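Asker: I am sharing work23.csv, which consists of CSV, C-alpha atoms:
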```csv
chain,number,residue,atom,x,y,z
I,775,GLY,CA,-74.9,103.6,188.8
I,776,PRO,CA,-76.6,105.0,191.9
I,777,GLY,CA,-80.1,104.9,190.3
I,778,LEU,CA,-80.1,101.1,189.8
I,779,ARG,CA,-78.3,100.7,193.2
I,780,ASP,CA,-81.1,102.5,195.0
I,781,TYR,CA,-83.7,100.7,193.0
I,782,VAL,CA,-82.6,97.3,194.2
I,783,ILE,CA,-82.1,98.7,197.8
I,784,GLY,CA,-85.7,99.9,197.5
I,785,LEU,CA,-86.9,96.5,196.5
I,786,GLY,CA,-85.4,95.2,199.8
I,787,VAL,CA,-82.2,93.4,198.7
I,788,VAL,CA,-80.2,94.2,201.9
I,789,PRO,CA,-81.8,91.9,204.6
I,790,PRO,CA,-81.8,88.7,202.6
I,791,LEU,CA,-78.2,89.5,201.4
I,792,LEU,CA,-77.0,89.9,205.0
I,793,ALA,CA,-78.7,86.7,206.1
I,794,PHE,CA,-76.1,84.8,203.9
I,795,ILE,CA,-73.2,86.1,206.0
I,796,LYS,CA,-72.8,83.0,208.2
I,797,PRO,CA,-70.1,80.3,208.6
I,798,GLU,CA,-72.1,77.6,206.7
I,799,THR,CA,-72.4,79.7,203.5
I,800,PRO,CA,-70.2,78.1,200.8
I,801,MET,CA,-67.1,80.2,200.0
I,802,PRO,CA,-67.9,80.9,196.3
I,803,PHE,CA,-71.4,82.1,197.2
I,804,LEU,CA,-70.1,84.3,200.0
I,805,ARG,CA,-67.7,85.9,197.5
I,806,ASN,CA,-70.7,86.8,195.4
I,807,VAL,CA,-72.5,88.2,198.4
I,808,THR,CA,-69.5,90.4,199.2
I,809,TRP,CA,-69.3,91.5,195.6
I,810,VAL,CA,-72.9,92.6,195.7
I,811,ILE,CA,-72.2,94.5,199.0
I,812,VAL,CA,-69.3,96.4,197.5
I,813,ASN,CA,-71.5,97.5,194.6
I,814,LEU,CA,-74.1,98.7,197.0
I,815,CYS,CA,-71.5,100.9,198.7
I,816,ARG,CA,-70.2,102.4,195.4
I,817,ASN,CA,-71.1,105.8,194.0
I,818,LYS,CA,-71.2,109.0,196.1
I,819,ASP,CA,-73.4,111.1,193.9
I,820,PRO,CA,-75.7,110.5,195.7
I,821,PRO,CA,-74.3,108.1,198.3
I,822,PRO,CA,-76.3,105.0,199.4
I,823,PRO,CA,-79.1,105.7,201.9
I,824,ILE,CA,-78.0,106.3,205.5
I,825,LYS,CA,-80.1,103.3,206.6
I,826,THR,CA,-78.4,101.0,204.1
I,827,ILE,CA,-74.9,102.1,205.3
I,828,SER,CA,-76.0,101.5,208.9
I,829,ASP,CA,-77.2,98.0,207.9
I,830,LEU,CA,-74.1,97.1,205.9
I,831,LEU,CA,-71.4,98.2,208.4
I,832,PRO,CA,-71.9,95.4,211.0
I,833,ALA,CA,-71.6,92.9,208.1
I,834,LEU,CA,-68.4,94.6,206.9
I,835,ASN,CA,-67.1,94.3,210.5
I,836,VAL,CA,-67.5,90.6,210.3
I,837,LEU,CA,-66.2,90.1,206.7
I,838,ILE,CA,-63.0,92.1,207.4
I,839,HIS,CA,-61.8,89.1,209.5
I,840,HIS,CA,-62.3,86.6,206.7
I,841,THR,CA,-59.3,84.7,205.5
I,842,ASP,CA,-60.4,84.5,201.8
I,843,ILE,CA,-58.4,87.2,199.8
I,844,ASN,CA,-61.3,88.0,197.4
I,845,ILE,CA,-63.8,88.5,200.3
I,846,LEU,CA,-61.2,90.6,202.2
I,847,VAL,CA,-60.4,92.8,199.2
I,848,ASP,CA,-64.0,93.5,198.4
I,849,THR,CA,-64.8,94.2,202.0
I,850,VAL,CA,-62.0,96.8,202.3
I,851,TRP,CA,-63.0,98.5,199.0
I,852,ALA,CA,-66.6,98.7,200.3
I,853,ILE,CA,-65.3,100.5,203.4
I,854,SER,CA,-63.2,102.8,201.2
I,855,TYR,CA,-66.2,103.8,199.2
I,856,LEU,CA,-68.2,104.5,202.4
I,857,THR,CA,-65.4,106.7,203.7
I,858,ASP,CA,-65.3,108.7,200.5
I,859,GLY,CA,-68.7,110.3,201.1
I,860,GLY,CA,-67.9,113.1,203.5
I,861,ASN,CA,-67.4,113.5,207.2
I,862,ASP,CA,-70.8,112.2,208.3
I,863,GLN,CA,-70.1,108.9,206.5
I,864,ILE,CA,-66.6,108.8,207.9
I,865,GLN,CA,-68.1,109.1,211.4
I,866,MET,CA,-70.5,106.2,210.8
I,867,VAL,CA,-67.6,104.0,209.7
I,868,ILE,CA,-65.6,105.1,212.8
I,869,GLU,CA,-68.5,104.4,215.1
I,870,SER,CA,-69.0,101.0,213.6
I,871,GLY,CA,-65.7,100.0,215.3
I,872,VAL,CA,-64.0,98.8,212.1
I,873,VAL,CA,-61.0,101.1,212.1
I,874,PRO,CA,-58.8,99.0,214.5
I,875,SER,CA,-59.3,96.0,212.2
I,876,LEU,CA,-58.5,98.1,209.1
I,877,ILE,CA,-55.2,99.5,210.2
I,878,PRO,CA,-53.2,96.2,210.4
I,879,LEU,CA,-54.2,95.5,206.8
I,880,LEU,CA,-51.8,98.3,205.8
I,881,SER,CA,-49.0,95.7,206.2
I,882,TYR,CA,-51.0,92.7,204.7
I,883,LYS,CA,-48.9,90.4,202.6
I,884,GLU,CA,-51.1,90.9,199.5
I,885,VAL,CA,-50.7,94.2,197.7
I,886,LYS,CA,-54.4,94.2,196.6
I,887,VAL,CA,-55.4,94.3,200.3
I,888,GLN,CA,-52.8,97.0,201.2
I,889,THR,CA,-54.0,99.2,198.3
I,890,ALA,CA,-57.6,99.1,199.4
I,891,ALA,CA,-56.7,99.6,203.1
I,892,LEU,CA,-54.5,102.5,202.3
I,893,ARG,CA,-57.3,104.2,200.3
I,894,ALA,CA,-59.8,103.5,203.1
I,895,VAL,CA,-57.7,105.0,205.9
I,896,GLY,CA,-56.6,107.8,203.5
I,897,ASN,CA,-60.2,108.8,203.1
I,898,ILE,CA,-60.8,108.8,206.8
I,899,VAL,CA,-57.9,111.2,207.4
I,900,THR,CA,-59.4,113.7,204.9
I,901,GLY,CA,-62.0,114.2,207.7
I,902,THR,CA,-61.7,116.3,210.8
I,903,ASP,CA,-58.6,116.4,213.1
I,904,GLU,CA,-60.6,114.3,215.6
I,905,GLN,CA,-61.4,111.6,212.9
I,906,THR,CA,-57.8,111.7,211.8
I,907,GLN,CA,-56.7,111.1,215.4
I,908,ILE,CA,-58.7,107.9,215.6
I,909,VAL,CA,-56.5,106.5,212.8
I,910,LEU,CA,-53.3,107.7,214.5
I,911,ASP,CA,-54.4,106.2,217.8
I,912,CYS,CA,-54.4,102.8,216.2
I,913,ASP,CA,-50.7,103.1,215.5
I,914,ALA,CA,-51.2,103.7,211.7
I,915,LEU,CA,-47.9,105.6,211.3
I,916,SER,CA,-45.9,102.5,212.2
I,917,HIS,CA,-46.9,100.9,208.9
I,918,PHE,CA,-45.6,103.9,206.8
I,919,PRO,CA,-41.8,103.4,206.7
I,920,ALA,CA,-42.5,100.3,204.6
I,921,LEU,CA,-45.3,101.8,202.6
I,922,LEU,CA,-43.2,104.9,201.7
I,923,SER,CA,-40.4,102.6,200.3
I,924,HIS,CA,-42.8,100.1,198.7
I,925,PRO,CA,-41.7,98.6,195.3
I,926,LYS,CA,-45.1,99.6,193.8
I,927,GLU,CA,-45.1,103.3,193.0
I,928,LYS,CA,-48.9,103.5,193.3
I,929,ILE,CA,-48.5,102.5,197.0
I,930,CYS,CA,-45.8,105.1,197.6
I,931,LYS,CA,-48.0,107.8,196.0
I,932,GLU,CA,-51.1,106.8,198.1
I,933,ALA,CA,-48.9,106.7,201.3
I,934,VAL,CA,-47.6,110.2,200.7
I,935,TRP,CA,-51.1,111.4,199.9
I,936,PHE,CA,-52.2,109.9,203.3
I,937,LEU,CA,-49.4,111.8,205.1
I,938,SER,CA,-50.3,115.1,203.3
I,939,ASN,CA,-53.6,114.9,205.2
I,940,ILE,CA,-51.8,114.3,208.5
I,941,THR,CA,-49.4,117.2,207.9
I,942,ALA,CA,-52.5,119.4,207.3
I,943,GLY,CA,-53.7,118.5,210.8
I,944,ASN,CA,-52.9,120.0,214.2
I,945,GLN,CA,-49.3,120.4,215.6
I,946,PRO,CA,-49.4,117.2,217.7
I,947,GLN,CA,-50.3,115.3,214.5
I,948,VAL,CA,-47.5,116.9,212.6
I,949,GLN,CA,-45.2,115.9,215.4
I,950,ALA,CA,-46.4,112.3,215.2
I,951,VAL,CA,-45.2,112.2,211.6
I,952,ILE,CA,-41.8,113.6,212.7
I,953,ASP,CA,-41.5,111.3,215.6
I,954,ALA,CA,-42.3,108.3,213.4
I,955,GLY,CA,-39.2,109.2,211.4
I,956,LEU,CA,-41.2,109.8,208.2
I,957,LEU,CA,-39.8,113.2,207.0
I,958,PRO,CA,-36.7,111.7,205.3
I,959,LYS,CA,-38.9,109.2,203.6
I,960,ILE,CA,-41.4,111.9,202.4
I,961,ILE,CA,-38.3,113.9,201.1
I,962,ASN,CA,-37.0,110.8,199.4
I,963,ASN,CA,-40.3,110.4,197.5
I,964,LEU,CA,-40.1,114.2,196.7
I,965,SER,CA,-36.7,113.7,195.3
I,966,LYS,CA,-36.9,110.3,193.5
I,967,GLY,CA,-40.6,109.4,193.0
I,968,GLU,CA,-42.5,109.6,189.8
I,969,PHE,CA,-44.1,113.0,189.1
I,970,GLN,CA,-47.5,112.1,190.7
I,971,THR,CA,-45.8,111.0,193.9
I,972,LYS,CA,-43.6,114.1,193.9
I,973,ARG,CA,-46.8,116.1,193.6
I,974,GLU,CA,-48.3,114.5,196.7
I,975,ALA,CA,-45.0,115.0,198.5
I,976,ALA,CA,-45.0,118.7,197.6
I,977,TRP,CA,-48.5,119.0,199.2
I,978,ALA,CA,-47.3,117.1,202.3
I,979,ILE,CA,-44.4,119.5,202.7
I,980,SER,CA,-46.4,122.6,202.0
I,981,ASN,CA,-49.1,121.6,204.4
I,982,LEU,CA,-46.5,121.1,207.1
I,983,THR,CA,-45.3,124.7,206.6
I,984,ILE,CA,-48.9,125.9,207.2
I,985,SER,CA,-49.9,123.6,210.1
I,986,GLY,CA,-46.5,123.1,211.8
I,987,ASN,CA,-44.8,125.3,214.3
I,988,ARG,CA,-41.4,126.9,213.8
I,989,ASP,CA,-39.4,124.0,215.3
I,990,GLN,CA,-41.3,121.5,213.1
I,991,VAL,CA,-40.6,123.6,210.0
I,992,LEU,CA,-36.9,124.0,210.9
I,993,ARG,CA,-36.7,120.2,211.3
I,994,LEU,CA,-38.1,119.8,207.8
I,995,ILE,CA,-35.4,122.2,206.5
I,996,GLN,CA,-32.6,120.3,208.4
I,997,GLU,CA,-33.8,117.0,206.8
I,998,GLY,CA,-32.8,118.4,203.4
I,999,VAL,CA,-36.1,119.4,201.8
I,1000,ILE,CA,-35.0,122.5,200.1
I,1001,SER,CA,-33.2,121.2,197.0
I,1002,PRO,CA,-35.8,118.6,195.9
I,1003,PHE,CA,-38.6,121.0,196.8
I,1004,CYS,CA,-37.1,123.8,194.6
I,1005,ALA,CA,-36.5,121.3,191.8
I,1006,LEU,CA,-40.3,121.2,191.2
I,1007,LEU,CA,-40.4,124.9,190.4
I,1008,ASP,CA,-39.8,124.3,186.7
I,1009,CYS,CA,-42.4,121.6,186.3
I,1010,LYS,CA,-45.4,122.1,184.0
I,1011,ASP,CA,-48.0,121.8,186.7
I,1012,ASN,CA,-49.1,125.3,187.9
I,1013,GLN,CA,-50.8,124.0,191.0
I,1014,VAL,CA,-47.5,122.3,192.1
I,1015,ILE,CA,-45.5,125.4,191.4
I,1016,GLN,CA,-47.9,127.4,193.5
I,1017,VAL,CA,-47.8,124.8,196.3
I,1018,VAL,CA,-44.0,124.9,196.3
I,1019,LEU,CA,-43.8,128.7,196.3
I,1020,ASP,CA,-46.3,128.8,199.2
I,1021,GLY,CA,-44.2,126.3,201.1
I,1022,LEU,CA,-41.0,128.3,200.5
I,1023,ASN,CA,-42.7,131.5,201.4
I,1024,ASN,CA,-43.9,130.0,204.7
I,1025,MET,CA,-40.5,128.6,205.5
I,1026,LEU,CA,-38.8,132.0,204.9
I,1027,LYS,CA,-41.5,133.7,207.1
I,1028,MET,CA,-40.9,131.3,209.9
I,1029,ALA,CA,-37.1,130.9,209.7
I,1030,GLY,CA,-36.3,133.8,212.1
I,1031,PRO,CA,-32.6,134.1,212.7
I,1032,GLN,CA,-32.0,131.3,210.2
I,1033,VAL,CA,-33.6,133.3,207.3
I,1034,ASP,CA,-30.2,134.1,205.6
I,1035,ALA,CA,-29.0,130.5,205.8
I,1036,LEU,CA,-32.3,129.4,204.3
I,1037,ALA,CA,-32.2,132.0,201.5
I,1038,ASN,CA,-28.6,130.9,200.7
I,1039,ALA,CA,-29.7,127.2,200.5
I,1040,ILE,CA,-32.5,128.2,198.1
I,1041,GLU,CA,-30.0,130.2,196.0
I,1042,GLU,CA,-27.3,127.5,196.0
I,1043,CYS,CA,-29.6,124.7,194.7
I,1044,GLY,CA,-30.8,126.9,191.8
I,1045,GLY,CA,-34.1,127.7,193.5
I,1046,LEU,CA,-33.5,131.5,193.3
I,1047,ASP,CA,-33.0,131.4,189.5
I,1048,LYS,CA,-36.2,129.4,189.1
I,1049,ILE,CA,-38.2,131.9,191.3
I,1050,GLU,CA,-36.7,134.8,189.3
I,1051,SER,CA,-37.9,133.3,186.1
I,1052,LEU,CA,-41.3,132.6,187.5
I,1053,GLN,CA,-41.8,136.4,187.8
I,1054,ASN,CA,-42.5,136.2,184.0
I,1055,HIS,CA,-45.1,133.4,184.4
I,1056,GLU,CA,-48.5,133.8,182.7
I,1057,ASN,CA,-50.3,132.8,185.9
I,1058,VAL,CA,-51.0,135.9,187.9
I,1059,GLU,CA,-50.9,134.2,191.4
I,1060,ILE,CA,-47.6,132.5,190.5
I,1061,TYR,CA,-45.8,135.6,189.3
I,1062,LYS,CA,-47.1,137.7,192.2
I,1063,LEU,CA,-45.9,135.2,194.7
I,1064,ALA,CA,-42.5,134.8,193.0
I,1065,TYR,CA,-42.2,138.6,192.9
I,1066,ASP,CA,-43.1,138.9,196.6
I,1067,ILE,CA,-40.5,136.3,197.7
I,1068,ILE,CA,-37.7,138.0,195.7
I,1069,GLU,CA,-38.7,141.4,197.0
I,1070,GLN,CA,-39.0,140.3,200.6
I,1071,TYR,CA,-36.0,137.9,200.9
I,1072,PHE,CA,-33.7,138.2,197.9
I,1073,SER,CA,-33.7,141.9,196.8
I,1074,GLU,CA,-30.1,142.4,198.0
I,1075,VAL,CA,-29.0,139.3,196.1
I,1076,ARG,CA,-30.8,140.5,193.0
I,1077,ASN,CA,-29.3,144.0,193.3
I,1078,MET,CA,-25.8,142.4,193.6
I,1079,HIS,CA,-26.5,140.4,190.4
I,1080,LEU,CA,-27.5,143.6,188.6
I,1081,CYS,CA,-24.3,145.4,189.7
I,1082,LEU,CA,-22.2,142.5,188.5
I,1083,LYS,CA,-23.8,142.6,185.1
```
Would you write the structure of this file as structure tokens?

Answerer:
Amino acid sequence: GPGLRDYVIGLGVVPPLLAFIKPETPMPFLRNVTWVIVNLCRNKDPPPPIKTISDLLPALNVLIHHTDINILVDTVWAISYLTDGGNDQIQMVIESGVVPSLIPLLSYKEVKVQTAALRAVGNIVTGTDEQTQIVLDCDALSHFPALLSHPKEKICKEAVWFLSNITAGNQPQVQAVIDAGLLPKIINNLSKGEFQTKREAAWAISNLTISGNRDQVLRLIQEGVISPFCALLDCKDNQVIQVVLDGLNNMLKMAGPQVDALANAIEECGGLDKIESLQNHENVEIYKLAYDIIEQYFSEVRNMHLCLK
């Protein structure tokens, strides 16, 4: 844990450790050195001392170019732990200059490296819009068509999680996701992924309805998001239900002249029935939101149903 980590750091483990990072160090020994480094970067409660992070980052910048798979995997995990400690640590990692070397690893031939790289860049884009932009400026999105249709579900899930942080950004960042052709792939994961992947996709969609402008939200609707989005309204996860209702509410608010067509699409895929039944949900926020959506956009439809009964 962090106590023993800081104990060995206090005893001065870092300088002699870094001295071993040189070409003549035998490979098995360098693997051990990297393994110690990754453990010095672990734990964020509290994180490693700032000075230690500062001392380790130049070494990680060297090791990230290593050809040995074990060294590479440990190096990238070390970076991912450092980027999981808040915006100040993310900034230190960015300023070390490692990000341009990290991004190409998203398409590395070994899944173990891809997994670690995806987590590291995913952590960076949880930071500020400016920090996110550094990742986008390294052409990160070009790696995502393959990641979003990866045979390993865990990679798909992490890739959608990454994009949910981009769609929570500013409008040019939302546009970058659209321009990279990624909306259909997010929607495909929303439709066909395992539940945890669908969950991340719901966040990505809902975030876009908050951060995006009207044209961007209409593009999302045109790409066929409504049916798979509404399908999540009868899942057992209250947070997901709320995220979907929020997203639908935002879409309806922004639809303008297309609001009737959108309301019809929600009704035709069974979404309206699900929203109506959510008015009886035990969660106060869910039933209020469901009630507001019906009242605002579907009261005529509901009245017509009552007349037909």

Asker: What lies within 8 Å of region 1020-1025 of chain I using all atoms listed in the file, ignoring chain neighbours under 5 positions off, as a list in words?

Answerer: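 Counting all atoms listed in the file, the residues come to Ile979, Ser980, Asn981, Thr983, Ile984, Val991, Leu992, Leu1063 and Ile1067 of chain I.
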
Asker: Give me, as a VMD selection string, all polymer residues having an atom no more than 6 Å from region 1041-1053 of chain I, counting all atoms listed in the file and skipping those fewer than 2 positions away in the same chain.

Answerer: chain I and resid 1001 1004 1038 to 1039 1055 1061 1064 to 1065

Asker: How many Å lie between CA of Val810 (chain I) and CA of Lys883 (chain I), rounded to one decimal?

Answerer: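 The value is 25.1 Å.
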
Asker: What's around Gly777 (chain I) at 10 Å? Count all atoms listed in the file, leave out sequence neighbours fewer than 5 positions away in its own chain, and write the answer as an NGL selection string.

Answerer: :I and (782-783 or 817 or 819-820 or 822)

Asker: To one decimal place in Å, what is the distance between CA of Glu798 (chain I) and CA of Ala852 (chain I)?

Answerer: 22.7 Å

Asker: Measuring between only C-alpha atoms, which one of I:Ile877, I:Ala978, I:Val951, I:Ile864 shows the shortest distance to Thr900 (chain I)?

Answerer: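 For Thr900 (chain I), the nearest of the given residues is I:Ile864.
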
Asker: How many Å lie between CA of Ile908 (chain I) and CA of Asn939 (chain I), rounded to one decimal?

Answerer: 13.5 Å

Asker: What residues have an atom no more than 7 Å from (-50.6, 103.6, 203.4) in the file's own frame, counting all atoms listed in the file, and can you write them as a list in words?

Answerer: Leu880, Leu892, Phe918, Leu921, Ile929, Glu932, Ala933 and Phe936 of chain I

Asker: Between I:Ser985, I:Asn963, I:Gln1032, I:Ser1073, which has the minimum distance to Asn944 (chain I) (counting all atoms listed in the file)?

Answerer: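 Result for the nearest residue to Asn944 (chain I): I:Ser985.
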
Asker: Compile the contact shell of Thr889 (chain I) as JSON, numbers by chain: residues with an atom at most 12 Å away, counting all atoms listed in the file, same-chain residues fewer than 4 positions apart removed.

Answerer: {"I": [846, 847, 848, 850, 851, 854, 876, 877, 879, 880, 881, 882, 883, 884, 885, 893, 894, 895, 896, 921, 924, 926, 927, 928, 929, 930, 931, 932, 933, 936]}

Asker: Enumerate, as a PyMOL selection string, the protein, DNA and RNA residues whose atoms approach (-49.9, 100.9, 211.9) to within 7 Å, taking into account only C-alpha atoms and the coordinate frame of the file.

Answerer: chain I and resi 877-878+880+912-917

Asker: Would you kindly return, as a CSV table (one decimal) with C-alpha atoms, in the frame of the given file, each protein, DNA or RNA residue with an atom no farther than 12 Å from any atom of Ile952 (chain I), considering all atoms listed in the file and excluding same-chain residues fewer than 5 positions away?

Answerer:
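The resulting file, out.csv, is shown below:
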```csv
chain,number,residue,atom,x,y,z
I,915,LEU,CA,-47.9,105.6,211.3
I,916,SER,CA,-45.9,102.5,212.2
I,918,PHE,CA,-45.6,103.9,206.8
I,919,PRO,CA,-41.8,103.4,206.7
I,937,LEU,CA,-49.4,111.8,205.1
I,940,ILE,CA,-51.8,114.3,208.5
I,941,THR,CA,-49.4,117.2,207.9
I,945,GLN,CA,-49.3,120.4,215.6
I,946,PRO,CA,-49.4,117.2,217.7
I,947,GLN,CA,-50.3,115.3,214.5
I,957,LEU,CA,-39.8,113.2,207.0
I,958,PRO,CA,-36.7,111.7,205.3
I,959,LYS,CA,-38.9,109.2,203.6
I,960,ILE,CA,-41.4,111.9,202.4
I,979,ILE,CA,-44.4,119.5,202.7
I,982,LEU,CA,-46.5,121.1,207.1
I,986,GLY,CA,-46.5,123.1,211.8
I,989,ASP,CA,-39.4,124.0,215.3
I,990,GLN,CA,-41.3,121.5,213.1
I,991,VAL,CA,-40.6,123.6,210.0
I,992,LEU,CA,-36.9,124.0,210.9
I,993,ARG,CA,-36.7,120.2,211.3
I,994,LEU,CA,-38.1,119.8,207.8
I,997,GLU,CA,-33.8,117.0,206.8
```

Asker: Some atoms are missing, so please complete region 852-861 of chain I with all heavy atoms and return it as a short mmCIF file (atom, residue, chain, number, x, y, z; two decimals), keeping the file's coordinate frame.

Answerer:
```
data_model
loop_
_atom_site.label_atom_id
_atom_site.label_comp_id
_atom_site.auth_asym_id
_atom_site.auth_seq_id
_atom_site.Cartn_x
_atom_site.Cartn_y
_atom_site.Cartn_z
N ALA I 852 -65.24 98.18 199.92
CA ALA I 852 -66.60 98.70 200.30
C ALA I 852 -66.40 99.76 201.40
O ALA I 852 -67.04 100.82 201.34
CB ALA I 852 -67.41 97.52 200.87
N ILE I 853 -65.51 99.51 202.36
CA ILE I 853 -65.30 100.50 203.40
C ILE I 853 -64.68 101.77 202.83
O ILE I 853 -65.03 102.89 203.21
CB ILE I 853 -64.35 99.91 204.52
CG1 ILE I 853 -65.07 98.76 205.24
CG2 ILE I 853 -63.92 100.97 205.53
CD1 ILE I 853 -64.16 97.87 206.08
N SER I 854 -63.79 101.60 201.86
CA SER I 854 -63.20 102.80 201.20
C SER I 854 -64.20 103.63 200.50
O SER I 854 -64.13 104.85 200.51
CB SER I 854 -62.01 102.38 200.31
OG SER I 854 -62.49 102.09 199.02
N TYR I 855 -65.18 102.99 199.87
CA TYR I 855 -66.20 103.80 199.20
C TYR I 855 -67.08 104.52 200.22
O TYR I 855 -67.47 105.67 199.99
CB TYR I 855 -67.15 102.85 198.36
CG TYR I 855 -66.44 102.17 197.21
CD1 TYR I 855 -66.74 100.85 196.85
CD2 TYR I 855 -65.46 102.83 196.46
CE1 TYR I 855 -66.09 100.21 195.80
CE2 TYR I 855 -64.81 102.20 195.42
CZ TYR I 855 -65.13 100.89 195.09
OH TYR I 855 -64.48 100.27 194.06
N LEU I 856 -67.37 103.87 201.34
CA LEU I 856 -68.20 104.50 202.40
C LEU I 856 -67.45 105.71 203.01
O LEU I 856 -68.06 106.70 203.38
CB LEU I 856 -68.61 103.53 203.45
CG LEU I 856 -69.55 102.41 202.97
CD1 LEU I 856 -69.88 101.48 204.13
CD2 LEU I 856 -70.84 102.98 202.37
N THR I 857 -66.12 105.60 203.13
CA THR I 857 -65.40 106.70 203.70
C THR I 857 -65.09 107.84 202.74
O THR I 857 -64.52 108.86 203.10
CB THR I 857 -63.99 106.21 204.30
OG1 THR I 857 -63.29 105.52 203.25
CG2 THR I 857 -64.17 105.30 205.49
N ASP I 858 -65.52 107.64 201.50
CA ASP I 858 -65.30 108.70 200.50
C ASP I 858 -66.55 109.54 200.28
O ASP I 858 -66.68 110.21 199.27
CB ASP I 858 -64.93 107.98 199.14
CG ASP I 858 -64.39 108.96 198.11
OD1 ASP I 858 -63.84 110.01 198.52
OD2 ASP I 858 -64.51 108.69 196.91
N GLY I 859 -67.43 109.53 201.27
CA GLY I 859 -68.70 110.30 201.10
C GLY I 859 -68.88 111.42 202.08
O GLY I 859 -70.00 111.78 202.39
N GLY I 860 -67.78 111.95 202.59
CA GLY I 860 -67.90 113.10 203.50
C GLY I 860 -67.77 112.72 204.95
O GLY I 860 -67.78 111.53 205.31
N ASN I 861 -67.67 113.73 205.81
CA ASN I 861 -67.40 113.50 207.20
C ASN I 861 -68.42 112.73 207.99
O ASN I 861 -68.11 112.00 208.92
CB ASN I 861 -67.11 114.86 207.92
CG ASN I 861 -65.82 115.52 207.43
OD1 ASN I 861 -65.14 114.98 206.56
ND2 ASN I 861 -65.50 116.67 207.97
#
```
